[in-house]
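One file, entry19.txt, is given below (compact mmCIF, N, CA and C atoms).
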```txt
# COMPACT_ATOMS: atom_id res chain seq x y z
N HIS A 1 -13.17 33.95 8.66
CA HIS A 1 -12.02 33.59 7.87
C HIS A 1 -10.77 34.24 8.48
N LEU A 2 -9.77 33.40 8.78
CA LEU A 2 -8.53 33.91 9.35
C LEU A 2 -7.53 34.18 8.25
N PRO A 3 -6.73 35.21 8.39
CA PRO A 3 -5.72 35.50 7.37
C PRO A 3 -4.65 34.42 7.35
N SER A 4 -4.14 34.14 6.18
CA SER A 4 -3.10 33.13 6.02
C SER A 4 -1.77 33.68 6.51
N SER A 5 -1.05 32.87 7.24
CA SER A 5 0.25 33.31 7.75
C SER A 5 1.36 33.08 6.74
N GLY A 6 1.03 32.37 5.64
CA GLY A 6 2.06 32.09 4.65
C GLY A 6 2.85 30.83 4.96
N LEU A 7 2.62 30.25 6.12
CA LEU A 7 3.32 29.03 6.51
C LEU A 7 2.44 27.83 6.23
N SER A 8 3.05 26.75 5.76
CA SER A 8 2.27 25.53 5.53
C SER A 8 2.30 24.68 6.79
N SER A 9 1.26 23.91 6.98
CA SER A 9 1.18 23.05 8.15
C SER A 9 2.15 21.87 7.98
N PRO A 10 2.57 21.25 9.08
CA PRO A 10 3.46 20.09 8.98
C PRO A 10 2.83 18.96 8.18
N LEU A 11 1.51 18.77 8.30
CA LEU A 11 0.83 17.71 7.56
C LEU A 11 0.90 17.96 6.06
N SER A 12 0.61 19.18 5.63
CA SER A 12 0.65 19.46 4.19
C SER A 12 2.08 19.35 3.66
N GLN A 13 3.06 19.70 4.47
CA GLN A 13 4.46 19.56 4.05
C GLN A 13 4.83 18.08 3.92
N ASN A 14 4.36 17.25 4.87
CA ASN A 14 4.61 15.81 4.78
C ASN A 14 4.00 15.22 3.53
N LEU A 15 2.78 15.64 3.19
CA LEU A 15 2.13 15.13 1.99
C LEU A 15 2.88 15.58 0.73
N GLU A 16 3.36 16.80 0.72
CA GLU A 16 4.14 17.28 -0.43
C GLU A 16 5.44 16.48 -0.56
N ASP A 17 6.10 16.21 0.56
CA ASP A 17 7.33 15.41 0.54
C ASP A 17 7.02 13.99 0.06
N ALA A 18 5.88 13.44 0.49
CA ALA A 18 5.50 12.08 0.11
C ALA A 18 5.27 11.96 -1.39
N LYS A 19 4.80 13.02 -2.03
CA LYS A 19 4.58 12.99 -3.49
C LYS A 19 5.89 12.82 -4.26
N LYS A 20 7.00 13.16 -3.63
CA LYS A 20 8.31 13.04 -4.29
C LYS A 20 8.87 11.62 -4.22
N ILE A 21 8.32 10.78 -3.37
CA ILE A 21 8.80 9.41 -3.22
C ILE A 21 8.13 8.54 -4.28
N VAL A 22 8.93 7.92 -5.12
CA VAL A 22 8.41 7.08 -6.19
C VAL A 22 9.01 5.69 -6.03
N ILE A 23 8.14 4.70 -6.02
CA ILE A 23 8.59 3.31 -5.95
C ILE A 23 8.33 2.69 -7.31
N GLU A 24 9.38 2.13 -7.90
CA GLU A 24 9.26 1.54 -9.23
C GLU A 24 9.40 0.03 -9.15
N GLU A 25 8.71 -0.64 -10.04
CA GLU A 25 8.79 -2.08 -10.12
C GLU A 25 10.19 -2.50 -10.55
N ASP A 26 10.73 -3.51 -9.92
CA ASP A 26 12.04 -4.05 -10.26
C ASP A 26 11.89 -4.93 -11.50
N LYS A 27 12.32 -4.43 -12.65
CA LYS A 27 12.16 -5.13 -13.92
C LYS A 27 13.08 -6.35 -14.04
N SER A 28 14.04 -6.49 -13.12
CA SER A 28 14.93 -7.66 -13.17
C SER A 28 14.23 -8.91 -12.60
N LEU A 29 13.13 -8.70 -11.90
CA LEU A 29 12.37 -9.82 -11.35
C LEU A 29 11.44 -10.39 -12.42
N PRO A 30 11.05 -11.66 -12.28
CA PRO A 30 10.11 -12.22 -13.26
C PRO A 30 8.76 -11.49 -13.19
N ALA A 31 8.03 -11.52 -14.30
CA ALA A 31 6.71 -10.89 -14.34
C ALA A 31 5.81 -11.56 -13.31
N PRO A 32 5.01 -10.76 -12.59
CA PRO A 32 4.13 -11.36 -11.58
C PRO A 32 2.94 -12.07 -12.23
N LYS A 33 2.49 -13.12 -11.57
CA LYS A 33 1.30 -13.84 -12.00
C LYS A 33 0.12 -13.28 -11.21
N GLU A 34 -0.92 -12.83 -11.92
CA GLU A 34 -2.09 -12.27 -11.23
C GLU A 34 -2.93 -13.41 -10.67
N ILE A 35 -3.20 -13.34 -9.35
CA ILE A 35 -3.93 -14.42 -8.68
C ILE A 35 -5.01 -13.85 -7.78
N LYS A 36 -5.89 -14.72 -7.35
CA LYS A 36 -6.86 -14.40 -6.30
C LYS A 36 -6.25 -14.82 -4.96
N ILE A 37 -6.73 -14.24 -3.88
CA ILE A 37 -6.18 -14.55 -2.56
C ILE A 37 -6.31 -16.04 -2.25
N ARG A 38 -7.37 -16.67 -2.69
CA ARG A 38 -7.56 -18.11 -2.42
C ARG A 38 -6.43 -18.96 -3.00
N ASP A 39 -5.68 -18.42 -3.97
CA ASP A 39 -4.61 -19.18 -4.64
C ASP A 39 -3.23 -18.91 -4.07
N THR A 40 -3.13 -18.20 -2.95
CA THR A 40 -1.81 -17.83 -2.43
C THR A 40 -0.98 -19.02 -1.97
N ILE A 41 -1.61 -20.05 -1.40
CA ILE A 41 -0.83 -21.20 -0.91
C ILE A 41 -0.17 -21.94 -2.07
N GLN A 42 -0.89 -22.11 -3.17
CA GLN A 42 -0.35 -22.85 -4.32
C GLN A 42 0.75 -22.05 -5.04
N THR A 43 0.81 -20.76 -4.85
CA THR A 43 1.80 -19.92 -5.56
C THR A 43 2.84 -19.35 -4.61
N ARG A 44 3.12 -20.06 -3.54
CA ARG A 44 3.99 -19.56 -2.48
C ARG A 44 5.40 -19.18 -2.96
N SER A 45 5.97 -19.89 -3.92
CA SER A 45 7.33 -19.57 -4.38
C SER A 45 7.34 -18.80 -5.70
N THR A 46 6.19 -18.22 -6.06
CA THR A 46 6.05 -17.50 -7.33
C THR A 46 5.82 -16.02 -7.04
N ARG A 47 6.34 -15.16 -7.91
CA ARG A 47 6.04 -13.73 -7.78
C ARG A 47 4.61 -13.51 -8.27
N VAL A 48 3.80 -12.85 -7.44
CA VAL A 48 2.38 -12.69 -7.75
C VAL A 48 1.94 -11.24 -7.63
N LYS A 49 0.77 -10.98 -8.18
CA LYS A 49 0.09 -9.69 -8.01
C LYS A 49 -1.32 -9.99 -7.53
N VAL A 50 -1.70 -9.37 -6.41
CA VAL A 50 -3.02 -9.55 -5.83
C VAL A 50 -3.71 -8.19 -5.81
N SER A 51 -4.94 -8.16 -6.28
CA SER A 51 -5.74 -6.93 -6.27
C SER A 51 -6.91 -7.11 -5.31
N GLY A 52 -7.28 -6.03 -4.64
CA GLY A 52 -8.41 -6.12 -3.73
C GLY A 52 -8.72 -4.79 -3.08
N TRP A 53 -9.51 -4.86 -2.01
CA TRP A 53 -9.91 -3.67 -1.26
C TRP A 53 -9.27 -3.71 0.12
N VAL A 54 -8.94 -2.55 0.64
CA VAL A 54 -8.37 -2.46 1.99
C VAL A 54 -9.49 -2.76 2.99
N HIS A 55 -9.27 -3.80 3.78
CA HIS A 55 -10.24 -4.19 4.81
C HIS A 55 -9.85 -3.55 6.15
N GLU A 56 -8.54 -3.49 6.40
CA GLU A 56 -8.03 -2.91 7.64
C GLU A 56 -6.64 -2.37 7.38
N CYS A 57 -6.30 -1.27 8.03
CA CYS A 57 -4.98 -0.66 7.86
C CYS A 57 -4.50 -0.18 9.22
N ARG A 58 -3.30 -0.63 9.60
CA ARG A 58 -2.75 -0.23 10.90
C ARG A 58 -1.32 0.23 10.70
N ARG A 59 -1.03 1.43 11.14
CA ARG A 59 0.32 2.01 11.00
C ARG A 59 1.05 1.90 12.33
N GLN A 60 2.33 1.55 12.24
CA GLN A 60 3.20 1.48 13.42
C GLN A 60 4.36 2.45 13.16
N GLY A 61 4.18 3.69 13.49
CA GLY A 61 5.21 4.69 13.24
C GLY A 61 5.28 5.05 11.77
N LYS A 62 6.42 5.59 11.36
CA LYS A 62 6.58 6.06 9.98
C LYS A 62 7.00 4.97 9.00
N THR A 63 7.56 3.87 9.53
CA THR A 63 8.18 2.91 8.61
C THR A 63 7.61 1.50 8.68
N LEU A 64 6.42 1.34 9.22
CA LEU A 64 5.81 0.01 9.26
C LEU A 64 4.29 0.16 9.18
N MET A 65 3.69 -0.64 8.29
CA MET A 65 2.26 -0.57 8.08
C MET A 65 1.74 -1.97 7.76
N PHE A 66 0.65 -2.36 8.41
CA PHE A 66 0.00 -3.64 8.15
C PHE A 66 -1.32 -3.35 7.45
N VAL A 67 -1.53 -3.98 6.30
CA VAL A 67 -2.75 -3.78 5.53
C VAL A 67 -3.37 -5.14 5.26
N ILE A 68 -4.64 -5.29 5.63
CA ILE A 68 -5.37 -6.51 5.30
C ILE A 68 -6.24 -6.19 4.09
N ILE A 69 -6.05 -6.97 3.02
CA ILE A 69 -6.86 -6.77 1.82
C ILE A 69 -7.78 -7.96 1.62
N ARG A 70 -8.88 -7.72 0.91
CA ARG A 70 -9.83 -8.78 0.58
C ARG A 70 -10.18 -8.65 -0.90
N ASP A 71 -10.52 -9.78 -1.50
CA ASP A 71 -10.87 -9.76 -2.93
C ASP A 71 -12.11 -10.58 -3.26
N GLY A 72 -12.87 -10.98 -2.26
CA GLY A 72 -14.04 -11.80 -2.48
C GLY A 72 -13.77 -13.29 -2.34
N THR A 73 -12.46 -13.67 -2.35
CA THR A 73 -12.11 -15.08 -2.17
C THR A 73 -11.40 -15.31 -0.85
N GLY A 74 -11.03 -14.23 -0.15
CA GLY A 74 -10.33 -14.37 1.11
C GLY A 74 -9.70 -13.06 1.56
N PHE A 75 -8.89 -13.17 2.60
CA PHE A 75 -8.20 -12.02 3.19
C PHE A 75 -6.70 -12.29 3.18
N LEU A 76 -5.89 -11.24 3.03
CA LEU A 76 -4.44 -11.36 3.01
C LEU A 76 -3.83 -10.19 3.77
N GLN A 77 -2.94 -10.49 4.72
CA GLN A 77 -2.23 -9.42 5.42
C GLN A 77 -0.95 -9.10 4.68
N CYS A 78 -0.74 -7.83 4.42
CA CYS A 78 0.47 -7.34 3.74
C CYS A 78 1.23 -6.45 4.71
N VAL A 79 2.54 -6.52 4.64
CA VAL A 79 3.39 -5.69 5.50
C VAL A 79 4.19 -4.76 4.60
N PHE A 80 4.08 -3.47 4.86
CA PHE A 80 4.83 -2.46 4.12
C PHE A 80 5.86 -1.85 5.05
N THR A 81 7.06 -1.62 4.53
CA THR A 81 8.14 -1.06 5.35
C THR A 81 8.82 0.10 4.64
N ASP A 82 9.53 0.89 5.41
CA ASP A 82 10.38 1.97 4.93
C ASP A 82 9.66 2.89 3.94
N LYS A 83 10.20 3.06 2.75
CA LYS A 83 9.66 3.99 1.76
C LYS A 83 8.26 3.61 1.31
N GLN A 84 7.92 2.33 1.37
CA GLN A 84 6.59 1.89 0.97
C GLN A 84 5.51 2.56 1.82
N CYS A 85 5.83 2.87 3.06
CA CYS A 85 4.88 3.51 3.98
C CYS A 85 4.86 5.02 3.85
N GLN A 86 5.83 5.58 3.15
CA GLN A 86 6.01 7.02 3.14
C GLN A 86 5.57 7.68 1.84
N THR A 87 5.06 6.90 0.89
CA THR A 87 4.58 7.48 -0.36
C THR A 87 3.24 8.18 -0.12
N TYR A 88 2.89 9.05 -1.04
CA TYR A 88 1.61 9.76 -0.94
C TYR A 88 0.45 8.77 -0.92
N ASP A 89 0.50 7.76 -1.81
CA ASP A 89 -0.59 6.78 -1.87
C ASP A 89 -0.72 6.02 -0.55
N ALA A 90 0.40 5.67 0.07
CA ALA A 90 0.34 4.95 1.34
C ALA A 90 -0.24 5.83 2.45
N LEU A 91 0.12 7.10 2.47
CA LEU A 91 -0.39 8.01 3.50
C LEU A 91 -1.89 8.27 3.32
N MET A 92 -2.38 8.21 2.09
CA MET A 92 -3.78 8.48 1.81
C MET A 92 -4.64 7.22 1.81
N LEU A 93 -4.03 6.06 2.01
CA LEU A 93 -4.75 4.79 1.99
C LEU A 93 -5.82 4.78 3.08
N SER A 94 -7.02 4.34 2.71
CA SER A 94 -8.11 4.28 3.68
C SER A 94 -8.92 3.01 3.44
N LEU A 95 -9.85 2.73 4.35
CA LEU A 95 -10.68 1.54 4.21
C LEU A 95 -11.44 1.59 2.89
N GLU A 96 -11.54 0.43 2.25
CA GLU A 96 -12.24 0.25 0.98
C GLU A 96 -11.49 0.85 -0.22
N SER A 97 -10.27 1.36 -0.02
CA SER A 97 -9.45 1.75 -1.17
C SER A 97 -9.11 0.51 -1.97
N THR A 98 -8.99 0.65 -3.27
CA THR A 98 -8.53 -0.48 -4.08
C THR A 98 -7.00 -0.45 -4.09
N ILE A 99 -6.40 -1.64 -4.13
CA ILE A 99 -4.96 -1.74 -4.03
C ILE A 99 -4.47 -2.94 -4.82
N GLU A 100 -3.29 -2.82 -5.41
CA GLU A 100 -2.61 -3.95 -6.06
C GLU A 100 -1.29 -4.14 -5.34
N VAL A 101 -1.00 -5.37 -4.96
CA VAL A 101 0.22 -5.68 -4.23
C VAL A 101 1.01 -6.70 -5.02
N TYR A 102 2.31 -6.46 -5.18
CA TYR A 102 3.19 -7.39 -5.89
C TYR A 102 4.03 -8.16 -4.89
```
Could you spell out this file's structure in structure tokens?
Amino acid sequence: HLPSSGLSSPLSQNLEDAKKIVIEEDKSLPAPKEIKIRDTIQTRSTRVKVSGWVHECRRQGKTLMFVIIRDGTGFLQCVFTDKQCQTYDALMLSLESTIEVY
């Protein structure tokens, strides 16, 4: 066991900073319609909510992330940018995590 230097690692500091980032739903938008991935084409001009599991996750730097989700009816690629990639939940996202996307 090594003695603690009292300094936190850069990773733990990043995670602590990420916990401070909160993304809130924009209440001025219409309520989302909950759909399955198979229904995405028919609801193209509608605000929707899709739930599923993370099938693949690829990060491109700090401000861009591609997430492929599946729900048993298909696969959907989601693109997250800026603050969406910097939240604690986004940093901790892993394969098979459950996720809801609006």
Q) So, counting only N, CA and C atoms, which residue among A:Glu96, A:Asp89, A:Asp71, A:Asp82 is closest to A:Ile37? A)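 Closest to A:Ile37 of all the choices is A:Asp71.
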Close residues, A:Cys78 itself excluded, 8 Å, only C-alpha atoms, min 3 positions apart in chain, as a PDB file with N, CA and C atoms, in the coordinates of the input:
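Here's the written file result03.pdb:
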```pdb
ATOM      1  N   PHE A  66       0.650  -2.360   8.410  1.00  0.00           N
ATOM      2  CA  PHE A  66       0.000  -3.640   8.150  1.00  0.00           C
ATOM      3  C   PHE A  66      -1.320  -3.350   7.450  1.00  0.00           C
ATOM      4  N   VAL A  67      -1.530  -3.980   6.300  1.00  0.00           N
ATOM      5  CA  VAL A  67      -2.750  -3.780   5.530  1.00  0.00           C
ATOM      6  C   VAL A  67      -3.370  -5.140   5.260  1.00  0.00           C
ATOM      7  N   ILE A  68      -4.640  -5.290   5.630  1.00  0.00           N
ATOM      8  CA  ILE A  68      -5.370  -6.510   5.300  1.00  0.00           C
ATOM      9  C   ILE A  68      -6.240  -6.190   4.090  1.00  0.00           C
ATOM     10  N   ILE A  69      -6.050  -6.970   3.020  1.00  0.00           N
ATOM     11  CA  ILE A  69      -6.860  -6.770   1.820  1.00  0.00           C
ATOM     12  C   ILE A  69      -7.780  -7.960   1.620  1.00  0.00           C
TER      13      ILE A  69
END
```
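Remark: for A:Val48, the closest of the candidate residues A:Leu95, A:Glu34, A:Thr87, A:Gly61 is A:Glu34 (distances computed over only C-alpha atoms).
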Q: Extract, using only N, CA and C atoms, all DNA, RNA and protein residues at most 7 Å from A:Tyr88, discarding same-chain residues fewer than 5 positions from it, and format them as a list of chain:residue names.
A: A:Leu15, A:Asp17, A:Ala18, A:Lys19, A:Lys20, A:Ile21, A:Leu93
Q: Between atom CA of A:Val22 and atom CA of A:Leu76, measure the distance and give it in Å to one decimal.
A: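 Calculated distance between atom CA of A:Val22 and atom CA of A:Leu76 is 24.3 Å.
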Q | Pick from A:Thr73, A:Gln60, A:Ser51, A:Thr81 nearest to A:Tyr102, counting only C-alpha atoms | A |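 Closest to A:Tyr102 of all the choices is A:Ser51.
In this model, the gap between atom C of A:Met65 and atom C of A:Glu24 comes to 18.7 Å.
Using all atoms listed in the file, the smallest distance between any of A:Lys49, A:Arg70, A:Arg38, A:Lys62 and A:Cys85 comes from A:Lys62.
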Q: Report the residues of stretch 16-76 of chain A whose backbone DSSP state falls under strand (DSSP E or B), written as a list of chain:residue names.
A: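 Those residues are A:Lys33, A:Glu34, A:Ile35, A:Val48, A:Lys49, A:Val50, A:Ser51, A:Gly52, A:Trp53, A:Val54, A:His55, A:Glu56, A:Cys57, A:Arg58, A:Arg59, A:Leu64, A:Met65, A:Phe66, A:Val67, A:Ile68, A:Ile69, A:Arg70, A:Phe75, A:Leu76.
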Based on the selection just made, write N, CA and C atoms of those residues as a short mmCIF file (atom, residue, chain, number, x, y, z; two decimals), keeping the file's coordinate frame.
```cif
data_model
loop_
_atom_site.label_atom_id
_atom_site.label_comp_id
_atom_site.auth_asym_id
_atom_site.auth_seq_id
_atom_site.Cartn_x
_atom_site.Cartn_y
_atom_site.Cartn_z
N LYS A 33 2.49 -13.12 -11.57
CA LYS A 33 1.30 -13.84 -12.00
C LYS A 33 0.12 -13.28 -11.21
N GLU A 34 -0.92 -12.83 -11.92
CA GLU A 34 -2.09 -12.27 -11.23
C GLU A 34 -2.93 -13.41 -10.67
N ILE A 35 -3.20 -13.34 -9.35
CA ILE A 35 -3.93 -14.42 -8.68
C ILE A 35 -5.01 -13.85 -7.78
N VAL A 48 3.80 -12.85 -7.44
CA VAL A 48 2.38 -12.69 -7.75
C VAL A 48 1.94 -11.24 -7.63
N LYS A 49 0.77 -10.98 -8.18
CA LYS A 49 0.09 -9.69 -8.01
C LYS A 49 -1.32 -9.99 -7.53
N VAL A 50 -1.70 -9.37 -6.41
CA VAL A 50 -3.02 -9.55 -5.83
C VAL A 50 -3.71 -8.19 -5.81
N SER A 51 -4.94 -8.16 -6.28
CA SER A 51 -5.74 -6.93 -6.27
C SER A 51 -6.91 -7.11 -5.31
N GLY A 52 -7.28 -6.03 -4.64
CA GLY A 52 -8.41 -6.12 -3.73
C GLY A 52 -8.72 -4.79 -3.08
N TRP A 53 -9.51 -4.86 -2.01
CA TRP A 53 -9.91 -3.67 -1.26
C TRP A 53 -9.27 -3.71 0.12
N VAL A 54 -8.94 -2.55 0.64
CA VAL A 54 -8.37 -2.46 1.99
C VAL A 54 -9.49 -2.76 2.99
N HIS A 55 -9.27 -3.80 3.78
CA HIS A 55 -10.24 -4.19 4.81
C HIS A 55 -9.85 -3.55 6.15
N GLU A 56 -8.54 -3.49 6.40
CA GLU A 56 -8.03 -2.91 7.64
C GLU A 56 -6.64 -2.37 7.38
N CYS A 57 -6.30 -1.27 8.03
CA CYS A 57 -4.98 -0.66 7.86
C CYS A 57 -4.50 -0.18 9.22
N ARG A 58 -3.30 -0.63 9.60
CA ARG A 58 -2.75 -0.23 10.90
C ARG A 58 -1.32 0.23 10.70
N ARG A 59 -1.03 1.43 11.14
CA ARG A 59 0.32 2.01 11.00
C ARG A 59 1.05 1.90 12.33
N LEU A 64 6.42 1.34 9.22
CA LEU A 64 5.81 0.01 9.26
C LEU A 64 4.29 0.16 9.18
N MET A 65 3.69 -0.64 8.29
CA MET A 65 2.26 -0.57 8.08
C MET A 65 1.74 -1.97 7.76
N PHE A 66 0.65 -2.36 8.41
CA PHE A 66 0.00 -3.64 8.15
C PHE A 66 -1.32 -3.35 7.45
N VAL A 67 -1.53 -3.98 6.30
CA VAL A 67 -2.75 -3.78 5.53
C VAL A 67 -3.37 -5.14 5.26
N ILE A 68 -4.64 -5.29 5.63
CA ILE A 68 -5.37 -6.51 5.30
C ILE A 68 -6.24 -6.19 4.09
N ILE A 69 -6.05 -6.97 3.02
CA ILE A 69 -6.86 -6.77 1.82
C ILE A 69 -7.78 -7.96 1.62
N ARG A 70 -8.88 -7.72 0.91
CA ARG A 70 -9.83 -8.78 0.58
C ARG A 70 -10.18 -8.65 -0.90
N PHE A 75 -8.89 -13.17 2.60
CA PHE A 75 -8.20 -12.02 3.19
C PHE A 75 -6.70 -12.29 3.18
N LEU A 76 -5.89 -11.24 3.03
CA LEU A 76 -4.44 -11.36 3.01
C LEU A 76 -3.83 -10.19 3.77
#
```
Complete stretch 50-60 of chain A with all heavy atoms (output as a PDB file, in the coordinates of the input).
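Result written to result-v7.pdb:
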```pdb
ATOM      1  N   VAL A  50      -1.700  -9.370  -6.410  1.00  0.00           N
ATOM      2  CA  VAL A  50      -3.020  -9.550  -5.830  1.00  0.00           C
ATOM      3  C   VAL A  50      -3.710  -8.190  -5.810  1.00  0.00           C
ATOM      4  O   VAL A  50      -3.119  -7.198  -5.387  1.00  0.00           O
ATOM      5  CB  VAL A  50      -2.930 -10.115  -4.387  1.00  0.00           C
ATOM      6  CG1 VAL A  50      -4.304 -10.234  -3.769  1.00  0.00           C
ATOM      7  CG2 VAL A  50      -2.216 -11.447  -4.375  1.00  0.00           C
ATOM      8  N   SER A  51      -4.940  -8.160  -6.280  1.00  0.00           N
ATOM      9  CA  SER A  51      -5.740  -6.930  -6.270  1.00  0.00           C
ATOM     10  C   SER A  51      -6.910  -7.110  -5.310  1.00  0.00           C
ATOM     11  O   SER A  51      -7.453  -8.210  -5.196  1.00  0.00           O
ATOM     12  CB  SER A  51      -6.287  -6.637  -7.669  1.00  0.00           C
ATOM     13  OG  SER A  51      -5.244  -6.510  -8.591  1.00  0.00           O
ATOM     14  N   GLY A  52      -7.280  -6.030  -4.640  1.00  0.00           N
ATOM     15  CA  GLY A  52      -8.410  -6.120  -3.730  1.00  0.00           C
ATOM     16  C   GLY A  52      -8.720  -4.790  -3.080  1.00  0.00           C
ATOM     17  O   GLY A  52      -8.271  -3.740  -3.540  1.00  0.00           O
ATOM     18  N   TRP A  53      -9.510  -4.860  -2.010  1.00  0.00           N
ATOM     19  CA  TRP A  53      -9.910  -3.670  -1.260  1.00  0.00           C
ATOM     20  C   TRP A  53      -9.270  -3.710   0.120  1.00  0.00           C
ATOM     21  O   TRP A  53      -9.109  -4.772   0.708  1.00  0.00           O
ATOM     22  CB  TRP A  53     -11.432  -3.637  -1.097  1.00  0.00           C
ATOM     23  CG  TRP A  53     -12.154  -3.507  -2.391  1.00  0.00           C
ATOM     24  CD1 TRP A  53     -12.465  -2.359  -3.060  1.00  0.00           C
ATOM     25  CD2 TRP A  53     -12.656  -4.574  -3.191  1.00  0.00           C
ATOM     26  NE1 TRP A  53     -13.133  -2.648  -4.217  1.00  0.00           N
ATOM     27  CE2 TRP A  53     -13.264  -4.016  -4.326  1.00  0.00           C
ATOM     28  CE3 TRP A  53     -12.662  -5.966  -3.066  1.00  0.00           C
ATOM     29  CZ2 TRP A  53     -13.868  -4.767  -5.316  1.00  0.00           C
ATOM     30  CZ3 TRP A  53     -13.251  -6.729  -4.055  1.00  0.00           C
ATOM     31  CH2 TRP A  53     -13.851  -6.125  -5.159  1.00  0.00           C
ATOM     32  N   VAL A  54      -8.940  -2.550   0.640  1.00  0.00           N
ATOM     33  CA  VAL A  54      -8.370  -2.460   1.990  1.00  0.00           C
ATOM     34  C   VAL A  54      -9.490  -2.760   2.990  1.00  0.00           C
ATOM     35  O   VAL A  54     -10.510  -2.073   3.017  1.00  0.00           O
ATOM     36  CB  VAL A  54      -7.766  -1.073   2.253  1.00  0.00           C
ATOM     37  CG1 VAL A  54      -7.306  -0.954   3.698  1.00  0.00           C
ATOM     38  CG2 VAL A  54      -6.613  -0.807   1.299  1.00  0.00           C
ATOM     39  N   HIS A  55      -9.270  -3.800   3.780  1.00  0.00           N
ATOM     40  CA  HIS A  55     -10.240  -4.190   4.810  1.00  0.00           C
ATOM     41  C   HIS A  55      -9.850  -3.550   6.150  1.00  0.00           C
ATOM     42  O   HIS A  55     -10.709  -3.142   6.920  1.00  0.00           O
ATOM     43  CB  HIS A  55     -10.277  -5.712   4.929  1.00  0.00           C
ATOM     44  CG  HIS A  55     -11.220  -6.229   5.956  1.00  0.00           C
ATOM     45  ND1 HIS A  55     -12.586  -6.212   5.779  1.00  0.00           N
ATOM     46  CD2 HIS A  55     -11.004  -6.755   7.184  1.00  0.00           C
ATOM     47  CE1 HIS A  55     -13.168  -6.718   6.840  1.00  0.00           C
ATOM     48  NE2 HIS A  55     -12.232  -7.055   7.723  1.00  0.00           N
ATOM     49  N   GLU A  56      -8.540  -3.490   6.400  1.00  0.00           N
ATOM     50  CA  GLU A  56      -8.030  -2.910   7.640  1.00  0.00           C
ATOM     51  C   GLU A  56      -6.640  -2.370   7.380  1.00  0.00           C
ATOM     52  O   GLU A  56      -5.880  -2.935   6.596  1.00  0.00           O
ATOM     53  CB  GLU A  56      -7.982  -3.973   8.723  1.00  0.00           C
ATOM     54  CG  GLU A  56      -7.669  -3.455  10.100  1.00  0.00           C
ATOM     55  CD  GLU A  56      -7.760  -4.538  11.159  1.00  0.00           C
ATOM     56  OE1 GLU A  56      -8.597  -5.451  11.023  1.00  0.00           O
ATOM     57  OE2 GLU A  56      -6.963  -4.462  12.103  1.00  0.00           O
ATOM     58  N   CYS A  57      -6.300  -1.270   8.030  1.00  0.00           N
ATOM     59  CA  CYS A  57      -4.980  -0.660   7.860  1.00  0.00           C
ATOM     60  C   CYS A  57      -4.500  -0.180   9.220  1.00  0.00           C
ATOM     61  O   CYS A  57      -5.205   0.563   9.905  1.00  0.00           O
ATOM     62  CB  CYS A  57      -5.087   0.510   6.887  1.00  0.00           C
ATOM     63  SG  CYS A  57      -3.523   1.307   6.526  1.00  0.00           S
ATOM     64  N   ARG A  58      -3.300  -0.630   9.600  1.00  0.00           N
ATOM     65  CA  ARG A  58      -2.750  -0.230  10.900  1.00  0.00           C
ATOM     66  C   ARG A  58      -1.320   0.230  10.700  1.00  0.00           C
ATOM     67  O   ARG A  58      -0.489  -0.477  10.141  1.00  0.00           O
ATOM     68  CB  ARG A  58      -2.781  -1.424  11.864  1.00  0.00           C
ATOM     69  CG  ARG A  58      -2.324  -1.084  13.262  1.00  0.00           C
ATOM     70  CD  ARG A  58      -2.665  -2.179  14.250  1.00  0.00           C
ATOM     71  NE  ARG A  58      -2.173  -3.490  13.860  1.00  0.00           N
ATOM     72  CZ  ARG A  58      -1.002  -4.002  14.223  1.00  0.00           C
ATOM     73  NH1 ARG A  58      -0.187  -3.304  14.988  1.00  0.00           N
ATOM     74  NH2 ARG A  58      -0.652  -5.198  13.838  1.00  0.00           N
ATOM     75  N   ARG A  59      -1.030   1.430  11.140  1.00  0.00           N
ATOM     76  CA  ARG A  59       0.320   2.010  11.000  1.00  0.00           C
ATOM     77  C   ARG A  59       1.050   1.900  12.330  1.00  0.00           C
ATOM     78  O   ARG A  59       0.485   2.137  13.379  1.00  0.00           O
ATOM     79  CB  ARG A  59       0.223   3.469  10.588  1.00  0.00           C
ATOM     80  CG  ARG A  59      -0.469   3.663   9.265  1.00  0.00           C
ATOM     81  CD  ARG A  59      -0.635   5.135   8.920  1.00  0.00           C
ATOM     82  NE  ARG A  59      -1.687   5.340   7.954  1.00  0.00           N
ATOM     83  CZ  ARG A  59      -1.568   5.128   6.651  1.00  0.00           C
ATOM     84  NH1 ARG A  59      -0.445   4.699   6.168  1.00  0.00           N
ATOM     85  NH2 ARG A  59      -2.581   5.332   5.835  1.00  0.00           N
ATOM     86  N   GLN A  60       2.330   1.550  12.240  1.00  0.00           N
ATOM     87  CA  GLN A  60       3.200   1.480  13.420  1.00  0.00           C
ATOM     88  C   GLN A  60       4.360   2.450  13.160  1.00  0.00           C
ATOM     89  O   GLN A  60       5.362   2.058  12.580  1.00  0.00           O
ATOM     90  CB  GLN A  60       3.750   0.063  13.600  1.00  0.00           C
ATOM     91  CG  GLN A  60       2.720  -0.982  13.927  1.00  0.00           C
ATOM     92  CD  GLN A  60       2.170  -0.820  15.318  1.00  0.00           C
ATOM     93  OE1 GLN A  60       0.984  -0.638  15.481  1.00  0.00           O
ATOM     94  NE2 GLN A  60       3.010  -0.876  16.315  1.00  0.00           N
TER      95      GLN A  60
END
```
